[in-house]
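Colleague: Pasting a structure below so you can have a look.
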Amino acid sequence: MALIVQKFGGSSVADAERVMNVANIVANTYRDGNDVIVVVSAQGDTTDDLIAKAEEINPKHSRREMDQLLSAGEQISISLLAMALEKLRIPVISLLGWQAGFKTNSQYTIARIKKIDVDRVNSELDKNKVIVVAGFQGLNKYDDITTLGRGGSDTSAVALAAALHADKCQIFTDVEGVYTADPRKVKNAYKLKEITYDEMLELATLGAQVLNNRSVEMAKKYHVELEVLSSLNPIPGTMVKEVTKMEKMLIRGVTKDSNVARLSVLRLEDKPGIAFNLFSKLAAKKINVDIILQSSGRRGTKDITFTVAEDNAELARDCIMECFPEIEEENVIVDKSIAKVSIVGAGMETHPGTASRMFDALYSAGINIEMISTSEIKISVLVDQEMADRAVSAVHAEFFPEGREY
Ligand code: ADP
Ligand code: ASP
Ligand code: MG
């Protein structure tokens with residue numbers, strides 16, 4: 001007998017038929033003699049709809065109330081799924097995040113899990129029940145509900161699997177695994193049999209929404225092997241693990257992230273401490289900075305350009321104005337019409353020329369590169385947002401020509 005954590009995303013529980021489909025998957029796993037813990041997300045677009053309702057009433061709402069609101073989505077799915085399992089005569093209990101022992105820090109809407117008190121979950125397992133847990137939520141030290149950030153149910157599932165030393169953690173979704181690019185956008189994307197934590201972490205961070213990046217980080221830290229698979233088509237999915245058996249692939253995938261804004265600060269005085277001043281302020285506001293470019297000084301001035309997540313663009317602009325009160329408005333430029341296109345693969349470490357192949361593919365497609373950044377296993381370029389999907393397809397075609405096995 002094994003302990004299996006199964007997570008189902010929003011589209012997998014979007015309506016009554018899908019909920020029954022999930023109940024059948026869970027019931028079969030249970031009837032095979034396993035202990036089963038199920039983590040579910042809110043149905044379909046529920047979370048987006050709740051956010052829209054909040055914006056309509058008060059765009060300046062507090063983040064505490066937002067979490068109180070958003071956690072309702074998952075409450076609906078756990079009870080409906082538990083009812084579906086009752087119909088199949090499976091002993092079951094649904095638990096909200098706090099009932100399942102999820103303790104988080106106090107950063108509303110982007111909380112981090114600090115620990116899970118597993119007593120309640122263990123005692124329900126001892127009663128041979130299937131446990132259906134609300135993903136994406138926990139409780140902070142003030143006994144307030146918190147949520148873990150968009151896509152956070154993946155992290156809830158991995159955290160439970162780690163805390164309970166589960167034998168398996170399966171992430172069921174609406175595609176059949178992790179692909180070389182978003183299969184909804186790139187028709188020749190290939191499904192990967194396996195991928196390393198490091199590569200998956202880069203892909204997830206750079207825009208492949210199939211797994212939340214924090215869930216991958218946690219899976220790596222606690223050695224939880226993940227299987228990403230379809231809730232609608234019962235075929236093997238993609239294994240996410242430390243080391244893969246396959247020979248290192250040059251490139252494992254191509255991603256796009258449109259949640260990027262570029263800020264430029266022009267004609268800053270060219271003296272020591274300017275960059276420190278700006279980036280320490282941004283760090284203090286917990287704004288993650290990605291690509292940074294500083295022009296070489298000319299006539300006593302220099303320009304600094306950097307990128308942040310688009311949601312942080314205004315906050316970053318405020319930081320700039322605070323840092324350089326004398327700066328003229330026209331010397332601060334915020335551009336949200338860009339996207340980041342990246343390739344990821346551990347193989348590129350040992351293959352010179354990977355970057356030039358990527359740039360060549362973009363050039364041949366007539367796409368201008370606006371900024372570049374690289375690390376050992378990824379290369380990212382900024383392009384015009386309108387061109388981003390075409391850029392992904394062109395780069396994908398370069399590294400994954402049709403008619404070959406991957
Ligand atoms: P869930 O609701 O199950 O959490 P998500 O919508 O968060 O599902 O993630 C699944 C989606 O991720 C897919 O429908 C697919 O369009 C998208 N996706 C983006 N990049 C990839 C990729 N490289 N491989 C697979 N899916 C991807
Ligand atoms: N329901 C939440 C969201 O839409 C959490 C999740 O889906 O994982 O972001
Ligand atoms: Mg998701």
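In the structure tokens, chains take letters A, B, ... by order of appearance, with residues numbered from 1 within each chain and ligands from 1 in the order shown.
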List every residue of range 136-173 of chain A that has an atom at most 8 Å from any atom of range 217-238 of chain A, and for each one report the closest atom pair and its distance in Å to one decimal, counting only C-alpha atoms, with rows sorted by chain and then by increasing residue number, as JSON lines.
Modeller:
{"residue": "A:Thr155", "atom": "CA", "partner": "A:Met218", "partner_atom": "CA", "distance": 7.4}
{"residue": "A:Val158", "atom": "CA", "partner": "A:Ala219", "partner_atom": "CA", "distance": 6.2}
{"residue": "A:Ala159", "atom": "CA", "partner": "A:Met218", "partner_atom": "CA", "distance": 7.0}
{"residue": "A:Ala161", "atom": "CA", "partner": "A:Val224", "partner_atom": "CA", "distance": 7.1}
{"residue": "A:Ala162", "atom": "CA", "partner": "A:Tyr222", "partner_atom": "CA", "distance": 6.0}
{"residue": "A:Lys168", "atom": "CA", "partner": "A:Glu225", "partner_atom": "CA", "distance": 6.9}
{"residue": "A:Cys169", "atom": "CA", "partner": "A:Leu226", "partner_atom": "CA", "distance": 5.2}
{"residue": "A:Gln170", "atom": "CA", "partner": "A:Glu227", "partner_atom": "CA", "distance": 4.8}
{"residue": "A:Ile171", "atom": "CA", "partner": "A:Val228", "partner_atom": "CA", "distance": 4.8}
{"residue": "A:Phe172", "atom": "CA", "partner": "A:Leu229", "partner_atom": "CA", "distance": 4.9}
{"residue": "A:Thr173", "atom": "CA", "partner": "A:Ser230", "partner_atom": "CA", "distance": 5.0}
Colleague: Which protein, DNA or RNA residues have an atom within 8 Å of ligand 3, counting only C-alpha atoms and all ligand atoms, as an NGL selection string?
Modeller: :A and (9-10 or 150-154 or 173 or 209-212)
Colleague: Give me, as an mmCIF file with N, CA and C atoms, in the first residue's frame, all polymer residues having an atom no more than 12 Å from Asp389 in chain A, counting only C-alpha atoms and skipping those fewer than 5 positions away in the same chain.
Modeller:
data_model
loop_
_atom_site.group_PDB
_atom_site.id
_atom_site.type_symbol
_atom_site.label_atom_id
_atom_site.label_comp_id
_atom_site.auth_asym_id
_atom_site.auth_seq_id
_atom_site.Cartn_x
_atom_site.Cartn_y
_atom_site.Cartn_z
ATOM 1 N N ALA A 181 7.000 23.184 -25.478
ATOM 2 C CA ALA A 181 6.445 24.548 -25.484
ATOM 3 C C ALA A 181 4.972 24.395 -25.129
ATOM 4 N N ASP A 182 4.292 25.490 -24.860
ATOM 5 C CA ASP A 182 2.869 25.398 -24.522
ATOM 6 C C ASP A 182 2.116 24.709 -25.675
ATOM 7 N N ARG A 184 -0.824 24.409 -26.345
ATOM 8 C CA ARG A 184 -1.992 25.143 -26.871
ATOM 9 C C ARG A 184 -1.570 26.235 -27.855
ATOM 10 N N LYS A 185 -0.291 26.593 -27.810
ATOM 11 C CA LYS A 185 0.169 27.687 -28.682
ATOM 12 C C LYS A 185 1.039 27.178 -29.818
ATOM 13 N N VAL A 186 1.816 26.120 -29.544
ATOM 14 C CA VAL A 186 2.769 25.617 -30.550
ATOM 15 C C VAL A 186 2.320 24.211 -30.951
ATOM 16 N N LYS A 187 1.850 24.083 -32.172
ATOM 17 C CA LYS A 187 1.190 22.810 -32.486
ATOM 18 C C LYS A 187 2.165 21.635 -32.588
ATOM 19 N N VAL A 254 10.822 25.822 -24.722
ATOM 20 C CA VAL A 254 10.774 27.242 -25.091
ATOM 21 C C VAL A 254 9.571 27.854 -24.374
ATOM 22 N N THR A 255 9.766 29.017 -23.747
ATOM 23 C CA THR A 255 8.646 29.622 -23.004
ATOM 24 C C THR A 255 8.486 31.091 -23.361
ATOM 25 N N LYS A 256 7.309 31.581 -22.955
ATOM 26 C CA LYS A 256 7.022 33.005 -23.131
ATOM 27 C C LYS A 256 6.458 33.542 -21.817
ATOM 28 N N ASP A 257 6.896 34.725 -21.447
ATOM 29 C CA ASP A 257 6.330 35.378 -20.265
ATOM 30 C C ASP A 257 5.946 36.803 -20.660
ATOM 31 N N SER A 258 4.645 37.079 -20.630
ATOM 32 C CA SER A 258 4.202 38.427 -21.013
ATOM 33 C C SER A 258 4.079 39.343 -19.811
ATOM 34 N N ILE A 338 6.143 44.488 -23.931
ATOM 35 C CA ILE A 338 7.217 43.558 -24.284
ATOM 36 C C ILE A 338 6.947 42.191 -23.655
ATOM 37 N N ALA A 339 7.633 41.177 -24.128
ATOM 38 C CA ALA A 339 7.512 39.836 -23.556
ATOM 39 C C ALA A 339 8.897 39.197 -23.569
ATOM 40 N N LYS A 340 9.039 38.220 -22.668
ATOM 41 C CA LYS A 340 10.332 37.536 -22.598
ATOM 42 C C LYS A 340 10.172 36.147 -23.199
ATOM 43 N N VAL A 341 11.020 35.815 -24.137
ATOM 44 C CA VAL A 341 10.999 34.483 -24.747
ATOM 45 C C VAL A 341 12.300 33.794 -24.341
ATOM 46 N N SER A 342 12.190 32.574 -23.847
ATOM 47 C CA SER A 342 13.386 31.903 -23.317
ATOM 48 C C SER A 342 13.517 30.481 -23.826
ATOM 49 N N LEU A 362 15.376 33.957 -34.739
ATOM 50 C CA LEU A 362 14.585 35.186 -34.572
ATOM 51 C C LEU A 362 14.829 36.139 -35.738
ATOM 52 N N ALA A 365 13.018 35.133 -38.739
ATOM 53 C CA ALA A 365 11.573 35.408 -38.644
ATOM 54 C C ALA A 365 11.308 36.910 -38.618
ATOM 55 N N ILE A 367 12.308 39.116 -36.355
ATOM 56 C CA ILE A 367 11.946 39.614 -35.025
ATOM 57 C C ILE A 367 13.141 40.281 -34.355
ATOM 58 N N VAL A 383 11.310 40.715 -26.504
ATOM 59 C CA VAL A 383 10.823 41.087 -27.841
ATOM 60 C C VAL A 383 9.506 41.840 -27.674
ATOM 61 N N ASP A 384 9.063 42.467 -28.755
ATOM 62 C CA ASP A 384 7.767 43.125 -28.760
ATOM 63 C C ASP A 384 6.686 42.074 -28.447
ATOM 64 N N ALA A 394 9.134 30.193 -33.894
ATOM 65 C CA ALA A 394 10.349 30.180 -34.714
ATOM 66 C C ALA A 394 11.494 29.499 -33.965
ATOM 67 N N VAL A 395 11.652 29.831 -32.694
ATOM 68 C CA VAL A 395 12.744 29.245 -31.908
ATOM 69 C C VAL A 395 12.480 27.753 -31.693
ATOM 70 N N HIS A 396 11.219 27.409 -31.446
ATOM 71 C CA HIS A 396 10.870 25.997 -31.244
ATOM 72 C C HIS A 396 11.187 25.185 -32.506
#
Colleague: Which residue out of A:Phe136, A:Phe306, A:Tyr190, A:Phe276 has the minimum interatomic distance to Asn288 in chain A when only C-alpha atoms are used?
Modeller: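 Smallest separation from Asn288 in chain A among the options: A:Phe306.
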Colleague: From a DSSP calculation on the backbone, collect every residue of range 103-242 of chain A in helix (DSSP H, G or I) and output the set as a PyMOL selection string.
Modeller: chain A and resi 119-126+153-163+197-205+213-221
Colleague: Report as JSON, numbers by chain all protein, DNA and RNA residues lying within 9 Å of Ile251 in chain A, evaluated on only C-alpha atoms, omitting residues in the same chain fewer than 4 positions from it.
Modeller: {"A": [180, 343, 344, 345, 346, 347, 348, 354, 377, 378, 399, 400]}
Colleague: So, with only C-alpha atoms and all ligand atoms as the atoms that count, which of A:Gly253, A:Gly138, A:Gly33, A:Gly97 lies closest to ligand 1?
Modeller: A:Gly253
Colleague: Have a look at A:Glu176, A:Asp360, A:Glu124, A:Asp67 and name the one nearest to Gly149 in chain A; count only C-alpha atoms.
Modeller: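 Closest candidate: A:Asp67.
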Colleague: With a distance cut-off of 10 Å and only C-alpha atoms, select the neighbouring residues of Ile4 in chain A, excluding the residue or stretch itself and same-chain residues fewer than 3 positions from it, and output the selection as a ChimeraX atom specification.
Modeller: /A:1,7,26,29-30,34-38,161,164-170
Colleague: Save out the residues we just selected, C-alpha atoms, as a PDB file, in the first residue's frame.
Modeller:
ATOM      1  CA  MET A   1       0.000   0.000   0.000  1.00  0.00           C
ATOM      2  CA  LYS A   7      -3.643  17.295  -7.256  1.00  0.00           C
ATOM      3  CA  VAL A  26      -9.482   9.052  -6.908  1.00  0.00           C
ATOM      4  CA  THR A  29      -6.622   4.762  -6.673  1.00  0.00           C
ATOM      5  CA  TYR A  30      -8.243   4.159  -3.292  1.00  0.00           C
ATOM      6  CA  ASN A  34      -3.709   3.097  -1.512  1.00  0.00           C
ATOM      7  CA  ASP A  35      -4.042   5.908   0.986  1.00  0.00           C
ATOM      8  CA  VAL A  36      -5.100   8.941  -1.028  1.00  0.00           C
ATOM      9  CA  ILE A  37      -4.857  12.651  -0.329  1.00  0.00           C
ATOM     10  CA  VAL A  38      -6.384  14.896  -2.947  1.00  0.00           C
ATOM     11  CA  ALA A 161       3.643  15.042  -0.153  1.00  0.00           C
ATOM     12  CA  LEU A 164       3.837  13.033   4.819  1.00  0.00           C
ATOM     13  CA  HIS A 165       6.701  11.358   2.932  1.00  0.00           C
ATOM     14  CA  ALA A 166       4.212  10.285   0.287  1.00  0.00           C
ATOM     15  CA  ASP A 167       5.238   7.624  -2.197  1.00  0.00           C
ATOM     16  CA  LYS A 168       3.892   9.564  -5.177  1.00  0.00           C
ATOM     17  CA  CYS A 169       2.782  13.080  -6.020  1.00  0.00           C
ATOM     18  CA  GLN A 170       0.686  13.326  -9.169  1.00  0.00           C
TER      19      GLN A 170
END
Colleague: Could you state the separation of CA of Glu330 in chain A and CA of Ser373 in chain A in Å, given to one decimal place?
Modeller: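 Between CA of Glu330 in chain A and CA of Ser373 in chain A the gap is 26.5 Å.
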Colleague: So which bits of range 304-337 of chain A end up strand (DSSP E) when you DSSP the backbone, as a list in words?
Modeller: Ile304, Thr305, Phe306, Thr307, Val308, Ala309, Val332, Ile333, Val334, Asp335, Lys336 and Ser337 of chain A
Colleague: In terms of the shortest atom-to-atom distance over only C-alpha atoms, which of A:Glu310, A:Leu268, A:Val240, A:Glu386 is closest to Arg298 in chain A?
Modeller: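 Ranked by minimum distance to Arg298 in chain A, first place goes to A:Leu268.
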Colleague: Tell me which of A:Ser375, A:Ser264, A:Gln137, A:Asn24 sits closest to Glu86 in chain A, counting only C-alpha atoms.
Modeller: A:Asn24
Colleague: Env of Glu328 in chain A: 10 Å cut, atoms = only C-alpha atoms, seq-sep filter 6 positions within chain, self excluded. Answer as a PyMOL selection string.
Modeller: chain A and resi 265-267+321
